[in-house]
file query_31.cif (mmCIF, C-alpha atoms)
data_coords
loop_
_atom_site.group_PDB
_atom_site.id
_atom_site.type_symbol
_atom_site.label_atom_id
_atom_site.label_comp_id
_atom_site.auth_asym_id
_atom_site.auth_seq_id
_atom_site.Cartn_x
_atom_site.Cartn_y
_atom_site.Cartn_z
ATOM 1 C CA MET J 20 10.335 35.604 1.268
ATOM 2 C CA ASP J 21 7.251 33.752 0.088
ATOM 3 C CA LYS J 22 4.525 33.296 2.629
ATOM 4 C CA ILE J 23 3.650 29.735 3.578
ATOM 5 C CA THR J 24 -0.018 29.082 4.248
ATOM 6 C CA GLU J 25 -1.820 25.954 5.326
ATOM 7 C CA LYS J 26 -3.655 24.342 2.450
ATOM 8 C CA LYS J 27 -7.399 24.052 2.735
ATOM 9 C CA PRO J 28 -8.885 20.543 2.553
ATOM 10 C CA GLY J 29 -10.044 19.354 -0.821
ATOM 11 C CA ARG J 30 -7.749 21.416 -3.027
ATOM 12 C CA VAL J 31 -5.363 18.604 -3.859
ATOM 13 C CA PRO J 32 -6.810 15.603 -5.684
ATOM 14 C CA SER J 33 -6.370 12.207 -4.143
ATOM 15 C CA ALA J 34 -2.980 10.662 -4.777
ATOM 16 C CA GLN J 35 -2.833 8.945 -8.133
ATOM 17 C CA LEU J 36 -0.979 5.781 -7.365
ATOM 18 C CA PRO J 37 -0.202 2.876 -9.655
ATOM 19 C CA SER J 38 -2.147 -0.193 -8.667
ATOM 20 C CA SER J 39 0.980 -2.351 -8.380
ATOM 21 C CA ARG J 40 2.903 -0.006 -6.068
ATOM 22 C CA GLY J 41 0.091 1.635 -4.182
ATOM 23 C CA GLN J 42 -1.175 -1.405 -2.341
ATOM 24 C CA GLY J 43 -1.587 -0.715 1.318
ATOM 25 C CA TYR J 44 -1.549 3.050 0.855
ATOM 26 C CA LYS J 45 -4.844 4.728 1.696
ATOM 27 C CA ALA J 46 -5.213 8.201 0.283
ATOM 28 C CA ASP J 47 -7.553 10.476 2.156
ATOM 29 C CA PRO J 48 -10.750 10.625 0.049
ATOM 30 C CA SER J 49 -11.328 14.225 1.120
ATOM 31 C CA GLY J 50 -7.999 15.199 -0.419
ATOM 32 C CA ASP J 51 -6.790 16.737 2.837
ATOM 33 C CA HIS J 52 -3.021 16.306 2.982
ATOM 34 C CA THR J 53 -1.470 17.603 6.161
ATOM 35 C CA ASN J 54 1.860 18.029 4.358
ATOM 36 C CA SER J 55 0.392 20.311 1.696
ATOM 37 C CA ARG J 56 1.016 24.043 1.814
ATOM 38 C CA VAL J 57 0.830 27.020 -0.523
ATOM 39 C CA ILE J 58 3.961 29.050 -1.272
ATOM 40 C CA GLY J 59 3.750 32.027 -3.599
ATOM 41 C CA GLY J 60 0.423 30.846 -4.986
ATOM 42 C CA SER J 61 1.568 27.342 -5.911
ATOM 43 C CA GLU J 62 0.879 24.179 -3.988
ATOM 44 C CA VAL J 63 3.823 22.472 -2.380
ATOM 45 C CA HIS J 64 4.400 19.289 -0.402
ATOM 46 C CA LYS J 65 6.363 19.413 2.840
ATOM 47 C CA ILE J 66 9.086 16.783 3.283
ATOM 48 C CA GLY J 67 10.808 16.428 6.641
ATOM 49 C CA ASP J 68 13.080 13.510 5.740
ATOM 50 C CA LEU J 69 16.475 14.564 4.393
ATOM 51 C CA GLU J 70 17.052 11.350 2.437
ATOM 52 C CA LEU J 71 13.621 11.390 0.827
ATOM 53 C CA ALA J 72 14.194 15.027 -0.119
ATOM 54 C CA ALA J 73 17.546 14.079 -1.665
ATOM 55 C CA PHE J 74 15.899 11.285 -3.651
ATOM 56 C CA LEU J 75 13.152 13.592 -4.905
ATOM 57 C CA ALA J 76 15.660 16.239 -5.968
ATOM 58 C CA ALA J 77 17.835 13.621 -7.683
ATOM 59 C CA THR J 78 14.860 12.297 -9.641
ATOM 60 C CA GLY J 79 13.947 15.717 -10.993
ATOM 61 C CA GLU J 80 11.286 16.964 -8.579
ATOM 62 C CA ARG J 81 11.265 20.725 -8.175
ATOM 63 C CA LEU J 82 12.405 22.087 -4.811
ATOM 64 C CA LYS J 83 10.574 25.315 -3.996
ATOM 65 C CA ALA J 84 11.801 26.266 -0.520
ATOM 66 C CA VAL J 85 13.663 25.132 2.584
ATOM 67 C CA ARG J 86 12.580 26.170 6.059
ATOM 68 C CA GLU J 87 13.908 25.545 9.539
ATOM 69 C CA ASN J 88 11.370 23.791 11.775
ATOM 70 C CA GLY J 89 12.973 23.737 15.221
ATOM 71 C CA SER J 90 14.634 20.321 15.090
ATOM 72 C CA GLY J 91 15.941 20.418 11.527
ATOM 73 C CA ALA J 92 14.750 21.563 8.144
ATOM 74 C CA GLU J 93 11.676 21.083 5.995
ATOM 75 C CA PHE J 94 11.841 20.852 2.239
ATOM 76 C CA TYR J 95 8.951 22.073 0.089
ATOM 77 C CA PHE J 96 8.491 20.434 -3.328
ATOM 78 C CA SER J 97 5.988 21.404 -6.012
ATOM 79 C CA GLU J 98 2.867 19.324 -5.517
ATOM 80 C CA SER J 99 1.962 17.015 -8.400
ATOM 81 C CA PRO J 100 0.711 13.463 -8.963
ATOM 82 C CA LYS J 101 4.254 12.562 -10.076
ATOM 83 C CA LEU J 102 5.610 13.715 -6.712
ATOM 84 C CA GLN J 103 3.169 11.454 -4.865
ATOM 85 C CA HIS J 104 4.159 8.608 -7.158
ATOM 86 C CA THR J 105 7.889 9.207 -6.562
ATOM 87 C CA ILE J 106 7.415 9.253 -2.780
ATOM 88 C CA VAL J 107 5.661 5.899 -2.883
ATOM 89 C CA GLU J 108 8.321 4.545 -5.243
ATOM 90 C CA PHE J 109 11.049 5.571 -2.770
ATOM 91 C CA ALA J 110 9.292 3.731 0.033
ATOM 92 C CA ALA J 111 8.904 0.712 -2.226
ATOM 93 C CA GLY J 112 12.645 0.555 -2.955
ATOM 94 C CA ALA J 113 13.152 2.580 -6.114
ATOM 95 C CA ALA J 114 16.674 3.133 -7.408
ATOM 96 C CA ALA J 115 18.489 6.157 -8.814
ATOM 97 C CA PRO J 116 22.048 6.832 -10.013
ATOM 98 C CA PRO J 117 24.243 6.601 -6.882
ATOM 99 C CA LYS J 118 26.421 9.619 -7.651
ATOM 100 C CA ALA J 119 23.372 11.801 -8.267
ATOM 101 C CA LEU J 120 21.860 10.601 -4.994
ATOM 102 C CA PHE J 121 24.970 11.352 -2.956
ATOM 103 C CA THR J 122 25.423 14.752 -4.619
ATOM 104 C CA SER J 123 21.804 15.575 -3.920
ATOM 105 C CA LEU J 124 22.151 14.445 -0.298
ATOM 106 C CA LYS J 125 25.124 16.773 0.189
ATOM 107 C CA LEU J 126 23.200 19.631 -1.389
ATOM 108 C CA MET J 127 20.158 19.045 0.822
ATOM 109 C CA THR J 128 22.380 18.863 3.911
ATOM 110 C CA SER J 129 23.964 22.187 2.986
ATOM 111 C CA LEU J 130 20.590 23.803 2.329
ATOM 112 C CA ALA J 131 19.278 22.540 5.670
ATOM 113 C CA LYS J 132 22.299 23.978 7.497
ATOM 114 C CA ILE J 133 21.852 27.318 5.749
ATOM 115 C CA ALA J 134 18.158 27.390 6.698
ATOM 116 C CA VAL J 135 18.980 26.698 10.346
ATOM 117 C CA MET J 136 21.751 29.309 10.384
ATOM 118 C CA ARG J 137 19.493 31.910 8.800
ATOM 119 C CA SER J 138 16.763 31.298 11.361
ATOM 120 C CA GLU J 139 19.254 31.620 14.208
ATOM 121 C CA THR J 140 20.824 34.833 12.933
ATOM 122 C CA ASN J 141 17.643 36.512 11.707
ATOM 123 C CA PRO J 142 15.097 37.030 14.509
ATOM 124 C CA LYS J 143 12.401 37.968 11.983
ATOM 125 C CA THR J 144 12.484 34.513 10.455
ATOM 126 C CA ASN J 145 9.781 32.133 11.593
ATOM 127 C CA ASN J 146 11.637 30.047 14.148
ATOM 128 C CA PRO J 147 9.522 27.741 16.317
ATOM 129 C CA ARG J 148 12.353 27.356 18.808
ATOM 130 C CA ARG J 149 12.103 31.043 19.682
ATOM 131 C CA VAL J 150 8.392 30.937 20.327
ATOM 132 C CA LYS J 151 7.561 30.891 24.064
ATOM 133 C CA MET S 20 41.976 5.588 -5.944
ATOM 134 C CA LYS S 21 44.942 3.328 -6.209
ATOM 135 C CA VAL S 22 45.864 -0.308 -6.015
ATOM 136 C CA VAL S 23 48.600 -1.173 -3.584
ATOM 137 C CA ASN S 24 50.240 -4.340 -2.418
ATOM 138 C CA THR S 25 48.772 -5.533 0.795
ATOM 139 C CA ALA S 26 50.578 -4.542 3.944
ATOM 140 C CA ASN S 27 49.838 -7.903 5.505
ATOM 141 C CA PRO S 28 52.787 -10.278 5.045
ATOM 142 C CA GLY S 29 51.925 -13.731 3.839
ATOM 143 C CA THR S 30 48.934 -12.711 1.747
ATOM 144 C CA ALA S 31 49.384 -12.926 -1.972
ATOM 145 C CA SER S 32 46.393 -10.869 -3.049
ATOM 146 C CA GLU S 33 46.462 -7.185 -3.848
ATOM 147 C CA ASP S 34 44.153 -4.783 -2.125
ATOM 148 C CA PHE S 35 42.199 -1.812 -3.339
ATOM 149 C CA VAL S 36 42.277 1.077 -0.878
ATOM 150 C CA THR S 37 39.916 4.032 -0.911
ATOM 151 C CA GLY S 38 38.971 6.837 1.435
ATOM 152 C CA ASN S 39 35.767 7.570 -0.493
ATOM 153 C CA LEU S 40 32.921 6.803 1.922
ATOM 154 C CA GLU S 41 30.286 7.040 -0.814
ATOM 155 C CA LEU S 42 32.097 4.528 -3.000
ATOM 156 C CA SER S 43 32.525 2.269 0.025
ATOM 157 C CA ALA S 44 28.788 2.481 0.742
ATOM 158 C CA PHE S 45 27.996 1.645 -2.878
ATOM 159 C CA LEU S 46 30.340 -1.351 -2.830
ATOM 160 C CA LEU S 47 28.723 -2.581 0.360
ATOM 161 C CA CYS S 48 25.313 -2.335 -1.313
ATOM 162 C CA THR S 49 26.533 -4.359 -4.281
ATOM 163 C CA GLY S 50 27.663 -7.182 -2.020
ATOM 164 C CA ILE S 51 31.386 -6.444 -1.867
ATOM 165 C CA ARG S 52 32.793 -6.496 1.624
ATOM 166 C CA TRP S 53 35.885 -4.699 2.822
ATOM 167 C CA ASN S 54 38.769 -6.489 4.529
ATOM 168 C CA SER S 55 39.693 -3.816 7.004
ATOM 169 C CA ILE S 56 39.272 -0.190 7.999
ATOM 170 C CA GLN S 57 42.417 1.812 8.569
ATOM 171 C CA HIS S 58 42.635 5.110 10.359
ATOM 172 C CA VAL S 59 45.223 7.178 8.463
ATOM 173 C CA CYS S 60 45.173 10.507 10.261
ATOM 174 C CA PHE S 61 42.617 12.909 11.701
ATOM 175 C CA GLU S 62 39.182 11.942 10.313
ATOM 176 C CA LEU S 63 40.729 10.177 7.312
ATOM 177 C CA ILE S 64 39.629 6.577 7.106
ATOM 178 C CA GLN S 65 40.561 4.127 4.389
ATOM 179 C CA PHE S 66 38.623 1.020 3.454
ATOM 180 C CA ARG S 67 40.625 -1.891 2.110
ATOM 181 C CA PHE S 68 39.032 -4.306 -0.376
ATOM 182 C CA THR S 69 40.403 -7.438 -2.024
ATOM 183 C CA ASP S 70 41.034 -6.557 -5.655
ATOM 184 C CA LYS S 71 39.000 -8.793 -7.960
ATOM 185 C CA PRO S 72 37.021 -8.422 -11.205
ATOM 186 C CA GLU S 73 33.682 -7.914 -9.428
ATOM 187 C CA LEU S 74 35.199 -5.029 -7.496
ATOM 188 C CA ARG S 75 36.541 -3.446 -10.687
ATOM 189 C CA LYS S 76 33.169 -3.784 -12.376
ATOM 190 C CA ALA S 77 31.355 -2.247 -9.407
ATOM 191 C CA ILE S 78 33.781 0.692 -9.294
ATOM 192 C CA GLY S 79 33.297 1.243 -13.019
ATOM 193 C CA ASP S 80 29.518 1.147 -12.596
ATOM 194 C CA PHE S 81 29.746 3.699 -9.791
ATOM 195 C CA GLU S 82 31.971 6.064 -11.755
ATOM 196 C CA ARG S 83 30.000 5.833 -15.000
ATOM 197 C CA GLY S 84 26.549 5.555 -13.448
ATOM 198 C CA THR S 85 25.871 2.332 -15.316
ATOM 199 C CA GLY S 86 24.593 -1.042 -14.289
ATOM 200 C CA PRO S 87 21.659 -1.871 -12.052
ATOM 201 C CA TYR S 88 21.503 0.610 -9.216
ATOM 202 C CA PRO S 89 20.911 -0.483 -5.611
ATOM 203 C CA PRO S 90 17.716 0.854 -3.992
ATOM 204 C CA ALA S 91 18.110 4.442 -2.836
ATOM 205 C CA LYS S 92 17.085 3.568 0.708
ATOM 206 C CA ALA S 93 19.757 0.862 0.871
ATOM 207 C CA LEU S 94 22.385 3.297 -0.410
ATOM 208 C CA PHE S 95 21.543 5.903 2.206
ATOM 209 C CA ARG S 96 21.515 3.250 4.915
ATOM 210 C CA ALA S 97 24.909 1.954 3.811
ATOM 211 C CA LEU S 98 26.301 5.486 3.823
ATOM 212 C CA ARG S 99 25.090 5.993 7.401
ATOM 213 C CA LEU S 100 26.734 2.710 8.378
ATOM 214 C CA VAL S 101 30.026 3.573 6.690
ATOM 215 C CA ARG S 102 30.081 7.011 8.319
ATOM 216 C CA ALA S 103 29.400 5.473 11.708
ATOM 217 C CA LEU S 104 32.213 2.972 11.206
ATOM 218 C CA ALA S 105 34.587 5.728 10.157
ATOM 219 C CA ASP S 106 33.624 7.749 13.212
ATOM 220 C CA ALA S 107 34.042 4.711 15.478
ATOM 221 C CA SER S 108 37.433 3.955 13.974
ATOM 222 C CA ASN S 109 38.460 7.558 14.550
ATOM 223 C CA GLN S 110 37.389 7.403 18.184
ATOM 224 C CA ILE S 111 39.130 4.071 18.791
ATOM 225 C CA ASP S 112 42.344 5.589 17.487
ATOM 226 C CA ALA S 113 41.902 8.550 19.828
ATOM 227 C CA PHE S 114 41.398 6.192 22.784
ATOM 228 C CA ILE S 115 44.558 4.254 21.910
ATOM 229 C CA LYS S 116 46.548 7.472 21.554
ATOM 230 C CA ASP S 117 45.254 8.740 24.901
ATOM 231 C CA TRP S 118 46.175 5.457 26.566
ATOM 232 C CA ARG S 119 49.672 5.501 25.082
ATOM 233 C CA ASP S 120 50.166 9.065 26.247
ATOM 234 C CA TYR S 121 48.930 8.091 29.719
ATOM 235 C CA ALA S 122 51.127 4.998 29.878
ATOM 236 C CA GLY S 123 54.126 6.860 28.550
ATOM 237 C CA ASN S 124 54.596 4.658 25.495
#
call {"tool": "encode", "arguments": {"input": "query_31.cif", "output": "structure tokens"}}
result
Amino acid sequence: MDKITEKKPGRVPSAQLPSSRGQGYKADPSGDHTNSRVIGGSEVHKIGDLELAAFLAATGERLKAVRENGSGAEFYFSESPKLQHTIVEFAAGAAAPPKALFTSLKLMTSLAKIAVMRSETNPKTNNPRRVK
Amino acid sequence: MKVVNTANPGTASEDFVTGNLELSAFLLCTGIRWNSIQHVCFELIQFRFTDKPELRKAIGDFERGTGPYPPAKALFRALRLVRALADASNQIDAFIKDWRDYAGN
């Protein structure tokens, strides 16, 4: 199991957003993204929203890991400027093939259930619900 | 998927019936509204649409992945709505069955 570590501020460049879609979005100039982590030496972006995760997977973003977080699951995607762009595009109303979206949603749901089941059956797994 | 004659007497149009919630959500997003929701048996819900060329085109677009796609957020929202309706329809049927059992009908 790859170790997840908090990313230090300044390691990820500011989000590269297109001027037409990025209006209203303020990237942190210090480059500190609270959703950024490091898994197995590569930077990843944490996504807590199942539907956004399904959209990212359907549009070709690389899923690195799925973890249980106490109330559901977190999806970790490889960090890249394209990922930031795709997230903003989703919020702005981007479209994708419907069948691919629904298939991806079912896959993400299954992965989330597996992550929750694994955390409940394996006491060694990092499970915030067990922490007292 | 199949096309059947409508069960409602007095209506001349044919209906398209499907139990595919994802297709139903897509059709809703493309502006096609269903006529009714029918509870068939345990957790099997069918949506009934009036059969017309726009419906056929939308179904073809869904199956082939062609045409302008609805926004992803709208699709997911429609799917949540359709699932909620299916669940509500299922529960209503359970209430009616319970009442009939209670009343002895």
call {"tool": "atom_distance", "arguments": {"input": "query_31.cif", "atom1": "CA of Phe45 (chain S)", "atom2": "CA of Tyr88 (chain S)"}}
result
9.1 Å
call {"tool": "interface_residues", "arguments": {"input": "query_31.cif", "of": "chain S", "to": "chain J", "cutoff": "10 Å", "atoms": "all atoms listed in the file", "output": "PyMOL selection string"}}
result
chain S and resi 41-42+44-45+80-96+98
call {"tool": "write_last_selection", "arguments": {"input": "query_31.cif", "atoms": "C-alpha atoms", "output": "compact mmCIF listing (two decimals), keeping the file's coordinate frame"}}
result
# COMPACT_ATOMS: atom_id res chain seq x y z
CA GLU S 41 30.29 7.04 -0.81
CA LEU S 42 32.10 4.53 -3.00
CA ALA S 44 28.79 2.48 0.74
CA PHE S 45 28.00 1.64 -2.88
CA ASP S 80 29.52 1.15 -12.60
CA PHE S 81 29.75 3.70 -9.79
CA GLU S 82 31.97 6.06 -11.76
CA ARG S 83 30.00 5.83 -15.00
CA GLY S 84 26.55 5.56 -13.45
CA THR S 85 25.87 2.33 -15.32
CA GLY S 86 24.59 -1.04 -14.29
CA PRO S 87 21.66 -1.87 -12.05
CA TYR S 88 21.50 0.61 -9.22
CA PRO S 89 20.91 -0.48 -5.61
CA PRO S 90 17.72 0.85 -3.99
CA ALA S 91 18.11 4.44 -2.84
CA LYS S 92 17.08 3.57 0.71
CA ALA S 93 19.76 0.86 0.87
CA LEU S 94 22.38 3.30 -0.41
CA PHE S 95 21.54 5.90 2.21
CA ARG S 96 21.52 3.25 4.92
CA LEU S 98 26.30 5.49 3.82
call {"tool": "atom_distance", "arguments": {"input": "query_31.cif", "atom1": "CA of Thr128 (chain J)", "atom2": "CA of Gly89 (chain J)"}}
result
15.5 Å
call {"tool": "resolve_selection", "arguments": {"input": "query_31.cif", "expression": "the PyMOL selection byres ((chain J and resi 75) around 9)", "output": "list in words"}}
result
Glu70, Leu71, Ala72, Ala73, Phe74, Ala76, Ala77, Thr78, Gly79, Glu80, Arg81, Leu82, Phe96, Leu102, Thr105, Ile106, Phe109 and Ser123 of chain J
call {"tool": "atom_distance", "arguments": {"input": "query_31.cif", "atom1": "CA of Glu62 (chain S)", "atom2": "CA of Ala131 (chain J)"}}
result
23.0 Å
call {"tool": "resolve_selection", "arguments": {"input": "query_31.cif", "expression": "the PyMOL selection byres ((chain S and resi 69-75) around 7)", "output": "PyMOL selection string"}}
result
chain S and resi 32-35+51+54+67-68+76-79
call {"tool": "resolve_selection", "arguments": {"input": "query_31.cif", "expression": "the PyMOL selection byres ((chain J and resi 61-66) around 7)", "output": "MDAnalysis selection string"}}
result
chainID J and resid 54:60 67:68 72 93:98
call {"tool": "closest_residue", "arguments": {"input": "query_31.cif", "among": "S:Leu100, S:Val36, S:Ile115, S:Cys60", "to": "Cys48 (chain S)", "atoms": "only C-alpha atoms"}}
result
S:Leu100
call {"tool": "closest_residue", "arguments": {"input": "query_31.cif", "among": "J:Gly91, J:Pro100, J:Leu69, J:Lys83", "to": "Ile133 (chain J)", "atoms": "only C-alpha atoms"}}
result
J:Gly91
call {"tool": "axis_aligned_box", "arguments": {"input": "query_31.cif", "around": "region 56-59 of chain J", "padding_each_side": "6 Å", "output": "lines of an AutoDock Vina configuration file"}}
result
center_x = 2.4
center_y = 28.0
center_z = -0.9
size_x = 15.1
size_y = 20.0
size_z = 17.4
call {"tool": "decode", "arguments": {"input": "query_31.cif", "residues": "region 25-90 of chain S", "atoms": "C-alpha atoms", "output": "compact mmCIF listing (two decimals), in the first residue's frame"}}
result
# COMPACT_ATOMS: atom_id res chain seq x y z
CA THR S 25 -50.43 1.97 -24.96
CA ALA S 26 -52.40 0.36 -22.19
CA ASN S 27 -54.60 3.42 -21.88
CA PRO S 28 -57.81 2.97 -23.88
CA GLY S 29 -58.79 5.87 -26.06
CA THR S 30 -55.27 7.02 -26.84
CA ALA S 31 -54.10 6.45 -30.36
CA SER S 32 -50.39 6.98 -29.85
CA GLU S 33 -47.87 4.25 -29.20
CA ASP S 34 -45.61 4.36 -26.20
CA PHE S 35 -41.99 3.51 -25.71
CA VAL S 36 -41.36 1.69 -22.44
CA THR S 37 -37.98 1.26 -20.80
CA GLY S 38 -36.66 0.20 -17.42
CA ASN S 39 -33.23 1.72 -18.12
CA LEU S 40 -32.82 4.52 -15.57
CA GLU S 41 -29.73 5.90 -17.31
CA LEU S 42 -31.52 6.16 -20.64
CA SER S 43 -34.47 7.79 -18.88
CA ALA S 44 -32.14 10.34 -17.27
CA PHE S 45 -30.55 11.08 -20.65
CA LEU S 46 -33.95 11.55 -22.28
CA LEU S 47 -34.98 13.91 -19.50
CA CYS S 48 -31.82 15.94 -20.10
CA THR S 49 -32.58 16.18 -23.81
CA GLY S 50 -36.01 17.63 -23.11
CA ILE S 51 -38.14 14.51 -23.58
CA ARG S 52 -40.62 13.95 -20.80
CA TRP S 53 -42.13 10.65 -19.79
CA ASN S 54 -45.88 10.07 -19.61
CA SER S 55 -45.96 7.82 -16.61
CA ILE S 56 -43.92 5.67 -14.25
CA GLN S 57 -45.07 2.11 -13.73
CA HIS S 58 -44.00 -0.16 -10.94
CA VAL S 59 -43.68 -3.65 -12.48
CA CYS S 60 -42.42 -5.76 -9.60
CA PHE S 61 -39.87 -5.50 -6.81
CA GLU S 62 -37.54 -2.56 -7.60
CA LEU S 63 -38.36 -2.73 -11.32
CA ILE S 64 -39.70 0.55 -12.60
CA GLN S 65 -40.63 1.32 -16.17
CA PHE S 66 -40.80 4.77 -17.72
CA ARG S 67 -43.32 5.27 -20.49
CA PHE S 68 -42.63 7.81 -23.25
CA THR S 69 -44.73 8.87 -26.22
CA ASP S 70 -43.07 7.41 -29.30
CA LYS S 71 -42.05 10.16 -31.72
CA PRO S 72 -39.10 10.93 -34.02
CA GLU S 73 -37.32 13.10 -31.45
CA LEU S 74 -37.43 10.22 -28.99
CA ARG S 75 -36.01 7.81 -31.58
CA LYS S 76 -33.22 10.23 -32.42
CA ALA S 77 -32.35 10.75 -28.75
CA ILE S 78 -32.26 6.99 -28.12
CA GLY S 79 -30.00 6.53 -31.14
CA ASP S 80 -27.70 9.29 -29.90
CA PHE S 81 -27.52 7.64 -26.48
CA GLU S 82 -26.75 4.20 -27.88
CA ARG S 83 -24.16 5.39 -30.41
CA GLY S 84 -22.68 8.18 -28.31
CA THR S 85 -23.36 10.72 -31.03
CA GLY S 86 -24.97 14.10 -31.08
CA PRO S 87 -24.46 16.99 -28.69
CA TYR S 88 -24.08 15.66 -25.18
CA PRO S 89 -25.89 17.25 -22.22
CA PRO S 90 -23.63 18.72 -19.51
